[in-house]
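Beneath this line is the structure, given in structure tokens, with notes to follow.
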Amino acid sequence: MRTLEDVSPPVRRRRPWLIALPLVLVVAAGLAWTAFWFHAASVTRTVLAGWQENEAAAGRTYACASQDVGGFPFRFELRCREPVAALRSASPPTRVSAVDAVVVAQVWQPTLIIAEATGPLRLGPIEAAPAFSLDWSLAQASLRGLPTDPERLSVVLDRPLATSLDGTTAGLIGQADRAEFHARIAGGSARRDPVLDLALRLDEAVAPMLARAGAAPVPLDLDAVGVLRGLPSLAPRSFAGTLRTLQAAGGRLEVTRLRLQQGDIVATGTGTLGLSPRGALDGELQLSIVNAEKLLPLLGVDRLVNQLLPQSTRERLAPGLDRLVPGLGNILRGDAAPPGAGPAGGAGGEALGPATELEGKRAVRMPLRFVDGAVMLGPFRVGQLAPFY
């Protein structure tokens, strides 16, 4: 007779290795990832060394007081302490230095590079003391694509502060609450016929040297967008070399949006800019300006008119300009206080351009022309710009 023990199911043997298998797989994956990361870090050092050698052959040397590659396990981080760039191919040869720079790329997104720098950045002749300093509270840049084949670049500075260190002109050059620059390839490629979308923005920018003598500088906001055409490639060149190449190819900057505001003066415009054969600015912007009667004195037009026109002529022209833009005739009269508002148009309107409306306010349209560096606002010559090279 069979007992219960005879009919009971057989006892299954335990397999301890199944319990340990997940742990073994995790450890193996960790070891493989570690090997991959350190191999990639080694390749990064090799690529950087090769890039530095190529740049040195072109007259541009880069060095760090110390250089580390870190960021394990999920990113690559290159830290360069006391970076120095000697640009011997520039004209004149220039030395650029900073306190610290960090470049980061995520392992799963290696074509997006983010950089952060610690200022001040100092710039000057290679064999002399720095002549220029740029400091900030935060400086960040991002590059989409590969360094040799970029797609988009962005640079943002919080509270930038530019200072001259030259003994004869030492002092503040300019500052802003924020500065942004963006560039992306909208057509072609970095290697052939790139078409670049460019954008520049300044918030609360101040340049004391541009303020009228004895007057406190008024903060300025700038928002500019344009399209640059004419470069054969984005191959590394000096600034002057890039402009020469652009001019030789007939390159142009199409300004698709421009807005500038300083106090209650507002100007918007569009147009096209280029370079003359000697490297000076050429082109024209069509502007609409609110409170143009306040802008022209800032440009020194009142002093210029007083030097060129006798008092009788100024008195004869002033009423027509007042009908165009209230207060504009005071520039010719030499009065400080603006008269009461009057209707737009009338005699003298052709002198500056037709009246219009901008952002719900009365404005005047006038061209801003650049002729081989000469700056003309309407009928007035307001300055002369030096060639860029």
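Naming scheme: A, B, ... for chains in displayed order of the structure tokens; residues 1 onward per chain; ligands 1 onward as shown.
Shell of Pro387 in chain A at 10 Å, with only C-alpha atoms counted and residues fewer than 6 places along the chain excluded, is Leu275, Ser276, Pro277, Arg278, Gly279, Ala280, Leu281, Asp372 and Gly373 of chain A.
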Note to self: Excluding Thr163 in chain A and its own-chain neighbours fewer than 3 positions away, which residues fall within 7 Å of it when counting only C-alpha atoms? Please give them as a ChimeraX atom specification.
What the structure shows: /A:132-134,171-173
Write the selection just made, keeping C-alpha atoms, as a CSV table (one decimal), in the first residue's frame?
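Output contents, as saved in part.csv:
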```csv
chain,number,residue,atom,x,y,z
A,132,PHE,CA,40.6,95.9,-22.5
A,133,SER,CA,38.6,94.1,-19.9
A,134,LEU,CA,35.2,92.5,-20.1
A,171,GLY,CA,37.6,104.0,-17.7
A,172,LEU,CA,34.2,102.5,-18.4
A,173,ILE,CA,33.4,101.8,-22.0
```
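Of the residues under consideration (A:Gly145, A:Gly124, A:Gly283, A:Pro208), A:Gly124 shows the shortest atom-to-atom contact distance to Val84 in chain A when counting only C-alpha atoms.
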Counting only C-alpha atoms, which residues of range 53-129 of chain A fall within 12 Å of range 31-37 of chain A, and what is the closest atom pair for each with its distance in Å at one decimal, ordered by chain and rising number, as a tab-separated table?
```
residue	atom	partner	partner_atom	distance
A:Val69	CA	A:Trp37	CA	10.8
A:Gly70	CA	A:Trp37	CA	9.7
A:Gly71	CA	A:Trp37	CA	9.5
A:Phe72	CA	A:Trp37	CA	7.2
A:Pro73	CA	A:Trp37	CA	7.1
A:Phe74	CA	A:Trp37	CA	8.5
A:Arg75	CA	A:Trp37	CA	8.8
A:Phe76	CA	A:Trp37	CA	8.4
A:Glu77	CA	A:Trp37	CA	11.5
A:Gln106	CA	A:Trp37	CA	11.5
A:Val107	CA	A:Trp37	CA	8.7
A:Trp108	CA	A:Trp37	CA	11.8
```
Produce a file of the selected residues containing N, CA and C atoms, as a CSV table (one decimal), in the first residue's frame.
```csv
chain,number,residue,atom,x,y,z
A,69,VAL,N,39.6,66.5,-17.4
A,69,VAL,CA,38.4,66.0,-18.1
A,69,VAL,C,37.6,65.2,-17.0
A,70,GLY,N,36.4,65.5,-16.7
A,70,GLY,CA,35.6,64.8,-15.7
A,70,GLY,C,34.2,64.7,-16.2
A,71,GLY,N,33.3,64.6,-15.2
A,71,GLY,CA,31.8,64.5,-15.4
A,71,GLY,C,31.3,63.1,-15.4
A,72,PHE,N,32.1,62.1,-15.0
A,72,PHE,CA,31.6,60.7,-14.9
A,72,PHE,C,30.4,60.7,-14.0
A,73,PRO,N,29.4,60.0,-14.3
A,73,PRO,CA,29.2,59.0,-15.4
A,73,PRO,C,28.4,59.4,-16.6
A,74,PHE,N,27.7,60.6,-16.5
A,74,PHE,CA,26.7,60.9,-17.5
A,74,PHE,C,27.0,62.0,-18.4
A,75,ARG,N,28.2,62.6,-18.2
A,75,ARG,CA,28.5,63.7,-19.1
A,75,ARG,C,30.0,63.8,-19.2
A,76,PHE,N,30.5,64.6,-20.2
A,76,PHE,CA,31.9,64.9,-20.3
A,76,PHE,C,32.1,66.4,-20.0
A,77,GLU,N,33.0,66.7,-19.1
A,77,GLU,CA,33.2,68.0,-18.6
A,77,GLU,C,34.7,68.3,-18.7
A,106,GLN,N,26.5,66.3,-22.7
A,106,GLN,CA,25.9,65.1,-22.1
A,106,GLN,C,26.2,63.9,-23.0
A,107,VAL,N,26.4,62.8,-22.4
A,107,VAL,CA,26.7,61.6,-23.1
A,107,VAL,C,25.7,61.2,-24.2
A,108,TRP,N,24.4,61.4,-23.8
A,108,TRP,CA,23.3,61.1,-24.8
A,108,TRP,C,23.0,62.2,-25.8
```
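Minimum distance to Pro150 in chain A across A:Thr94, A:Gln286, A:Ser233, A:Ser89 (counting only C-alpha atoms) occurs at A:Ser233.
CA of Asp223 in chain A sits 17.4 Å away from CA of Leu153 in chain A.
The shell of residues at most 12 Å from Thr242 in chain A, with only C-alpha atoms counted and near chain neighbours (fewer than 4 positions) removed, consists of Ala90, Gly230, Leu231, Pro232, Ser233, Leu234, Ala235, Pro236, Arg237, Ser238, Leu246, Gln247, Ala248, Ala249, Gly251, Leu275, Gly279, Phe388 and Tyr389 of chain A.
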Check: So which residues touch range 192-200 of chain A within 9 Å, counting only C-alpha atoms, skipping near sequence neighbours fewer than 2 positions away, as a PyMOL selection string?
Finding: chain A and resi 179-190+202+222-234
Margin query: Between CA of Ser154 in chain A and CA of Gly263 in chain A, what distance in Å does the model show, to one decimal?
Written below: 28.2 Å
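Here the DSSP assignment of helix (DSSP H, G or I), based on backbone atoms, applies within range 180-297 of chain A to Pro208, Met209, Leu210, Phe239, Ala240, Gly241, Thr242, Leu243, Arg244, Thr245, Leu246, Gln247, Ala248, Ala292, Glu293, Lys294, Leu295, Leu296 and Pro297 of chain A.
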If you keep N, CA and C atoms, can you produce a file of those selected residues as a PDB file, in the first residue's frame?
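Once everything was written out, this is again.pdb:
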```
ATOM      1  N   PRO A 208      28.977 105.551 -21.593  1.00  0.00           N
ATOM      2  CA  PRO A 208      29.224 106.938 -21.181  1.00  0.00           C
ATOM      3  C   PRO A 208      29.955 107.764 -22.221  1.00  0.00           C
ATOM      4  N   MET A 209      30.862 107.160 -22.979  1.00  0.00           N
ATOM      5  CA  MET A 209      31.636 107.927 -23.952  1.00  0.00           C
ATOM      6  C   MET A 209      30.780 108.451 -25.100  1.00  0.00           C
ATOM      7  N   LEU A 210      29.581 107.853 -25.296  1.00  0.00           N
ATOM      8  CA  LEU A 210      28.699 108.318 -26.358  1.00  0.00           C
ATOM      9  C   LEU A 210      27.710 109.368 -25.876  1.00  0.00           C
ATOM     10  N   PHE A 239      39.134  88.315 -37.767  1.00  0.00           N
ATOM     11  CA  PHE A 239      37.983  89.184 -37.965  1.00  0.00           C
ATOM     12  C   PHE A 239      38.147  90.000 -39.244  1.00  0.00           C
ATOM     13  N   ALA A 240      39.339  90.596 -39.422  1.00  0.00           N
ATOM     14  CA  ALA A 240      39.592  91.382 -40.629  1.00  0.00           C
ATOM     15  C   ALA A 240      39.537  90.508 -41.875  1.00  0.00           C
ATOM     16  N   GLY A 241      40.088  89.287 -41.785  1.00  0.00           N
ATOM     17  CA  GLY A 241      40.051  88.379 -42.931  1.00  0.00           C
ATOM     18  C   GLY A 241      38.635  87.991 -43.307  1.00  0.00           C
ATOM     19  N   THR A 242      37.777  87.785 -42.302  1.00  0.00           N
ATOM     20  CA  THR A 242      36.378  87.456 -42.574  1.00  0.00           C
ATOM     21  C   THR A 242      35.685  88.597 -43.306  1.00  0.00           C
ATOM     22  N   LEU A 243      35.923  89.842 -42.848  1.00  0.00           N
ATOM     23  CA  LEU A 243      35.285  90.991 -43.485  1.00  0.00           C
ATOM     24  C   LEU A 243      35.807  91.204 -44.913  1.00  0.00           C
ATOM     25  N   ARG A 244      37.105  90.997 -45.120  1.00  0.00           N
ATOM     26  CA  ARG A 244      37.651  91.128 -46.472  1.00  0.00           C
ATOM     27  C   ARG A 244      37.028  90.099 -47.412  1.00  0.00           C
ATOM     28  N   THR A 245      36.902  88.871 -46.922  1.00  0.00           N
ATOM     29  CA  THR A 245      36.276  87.819 -47.728  1.00  0.00           C
ATOM     30  C   THR A 245      34.836  88.165 -48.048  1.00  0.00           C
ATOM     31  N   LEU A 246      34.135  88.686 -47.058  1.00  0.00           N
ATOM     32  CA  LEU A 246      32.732  89.056 -47.246  1.00  0.00           C
ATOM     33  C   LEU A 246      32.604  90.184 -48.264  1.00  0.00           C
ATOM     34  N   GLN A 247      33.467  91.183 -48.171  1.00  0.00           N
ATOM     35  CA  GLN A 247      33.396  92.317 -49.092  1.00  0.00           C
ATOM     36  C   GLN A 247      33.729  91.883 -50.520  1.00  0.00           C
ATOM     37  N   ALA A 248      34.753  91.041 -50.661  1.00  0.00           N
ATOM     38  CA  ALA A 248      35.158  90.587 -51.998  1.00  0.00           C
ATOM     39  C   ALA A 248      34.046  89.789 -52.671  1.00  0.00           C
ATOM     40  N   ALA A 292      11.978 112.393 -32.856  1.00  0.00           N
ATOM     41  CA  ALA A 292      13.212 112.656 -33.593  1.00  0.00           C
ATOM     42  C   ALA A 292      13.842 113.968 -33.174  1.00  0.00           C
ATOM     43  N   GLU A 293      13.020 114.925 -32.708  1.00  0.00           N
ATOM     44  CA  GLU A 293      13.573 116.225 -32.295  1.00  0.00           C
ATOM     45  C   GLU A 293      14.474 116.098 -31.079  1.00  0.00           C
ATOM     46  N   LYS A 294      14.330 115.000 -30.329  1.00  0.00           N
ATOM     47  CA  LYS A 294      15.221 114.757 -29.199  1.00  0.00           C
ATOM     48  C   LYS A 294      16.448 113.946 -29.604  1.00  0.00           C
ATOM     49  N   LEU A 295      16.308 113.151 -30.675  1.00  0.00           N
ATOM     50  CA  LEU A 295      17.423 112.334 -31.132  1.00  0.00           C
ATOM     51  C   LEU A 295      18.496 113.181 -31.810  1.00  0.00           C
ATOM     52  N   LEU A 296      18.085 114.129 -32.640  1.00  0.00           N
ATOM     53  CA  LEU A 296      19.059 114.891 -33.423  1.00  0.00           C
ATOM     54  C   LEU A 296      20.040 115.673 -32.554  1.00  0.00           C
ATOM     55  N   PRO A 297      19.614 116.317 -31.458  1.00  0.00           N
ATOM     56  CA  PRO A 297      20.613 116.961 -30.603  1.00  0.00           C
ATOM     57  C   PRO A 297      21.607 115.986 -29.989  1.00  0.00           C
TER      58      PRO A 297
END
```
Item checked: Secondary structure check, strand (DSSP E) residues of range 58-138 of chain A, as a ChimeraX atom specification -> /A:60-63,66-70,75-81,84-87,94-97,100-106,109-118,121-125,132-135,138
Selection above as a file: C-alpha atoms, as a short mmCIF file (atom, residue, chain, number, x, y, z; two decimals), in the first residue's frame:
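Now in selection13.cif:
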```cif
data_model
loop_
_atom_site.label_atom_id
_atom_site.label_comp_id
_atom_site.auth_asym_id
_atom_site.auth_seq_id
_atom_site.Cartn_x
_atom_site.Cartn_y
_atom_site.Cartn_z
CA ARG A 60 46.53 80.52 -32.78
CA THR A 61 47.74 78.87 -29.57
CA TYR A 62 45.59 77.92 -26.58
CA ALA A 63 46.82 76.91 -23.16
CA SER A 66 45.66 73.12 -15.61
CA GLN A 67 43.21 71.04 -17.61
CA ASP A 68 40.91 68.25 -16.39
CA VAL A 69 38.38 65.96 -18.07
CA GLY A 70 35.60 64.83 -15.72
CA ARG A 75 28.52 63.75 -19.11
CA PHE A 76 31.89 64.94 -20.33
CA GLU A 77 33.25 68.02 -18.61
CA LEU A 78 36.40 69.84 -19.64
CA ARG A 79 37.67 72.40 -17.15
CA CYS A 80 40.43 74.81 -18.16
CA ARG A 81 41.86 76.97 -15.39
CA VAL A 84 45.00 81.90 -22.46
CA ALA A 85 44.70 82.35 -26.24
CA ALA A 86 47.55 83.89 -28.24
CA LEU A 87 46.18 84.95 -31.64
CA THR A 94 46.35 89.64 -29.62
CA ARG A 95 46.36 87.84 -26.28
CA VAL A 96 43.08 86.86 -24.59
CA SER A 97 42.85 85.43 -21.06
CA ASP A 100 38.25 79.78 -15.68
CA ALA A 101 36.26 77.99 -18.41
CA VAL A 102 34.11 74.86 -18.29
CA VAL A 103 32.77 73.00 -21.35
CA VAL A 104 30.10 70.31 -20.87
CA ALA A 105 28.45 67.76 -23.20
CA GLN A 106 25.90 65.15 -22.14
CA GLN A 109 23.50 64.48 -26.57
CA PRO A 110 27.14 64.95 -27.59
CA THR A 111 26.32 67.46 -30.35
CA LEU A 112 25.09 70.06 -27.84
CA ILE A 113 28.04 71.72 -26.12
CA ILE A 114 27.48 74.16 -23.25
CA ALA A 115 30.23 76.40 -21.93
CA GLU A 116 30.52 78.74 -18.97
CA ALA A 117 33.33 81.17 -18.26
CA THR A 118 34.52 83.13 -15.25
CA LEU A 121 38.30 88.44 -19.84
CA ARG A 122 41.36 90.54 -20.65
CA LEU A 123 42.48 91.42 -24.14
CA GLY A 124 45.53 93.20 -25.47
CA PRO A 125 48.78 92.93 -27.43
CA PHE A 132 40.63 95.94 -22.51
CA SER A 133 38.62 94.10 -19.85
CA LEU A 134 35.19 92.47 -20.09
CA ASP A 135 33.56 91.18 -16.93
CA LEU A 138 27.30 85.04 -15.66
#
```
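A straight line drawn from CA of Pro354 in chain A to CA of Ser288 in chain A is 9.7 Å long.
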Note to self: Here is a test: counting only C-alpha atoms, which residue of A:Leu143, A:Glu151, A:Thr268, A:Pro217 is nearest to Gln175 in chain A?
What the structure shows: A:Pro217
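Closest to Ser164 in chain A among A:Ala355, A:Leu287, A:Thr272, A:Ala131 is A:Ala131, based on only C-alpha atoms.
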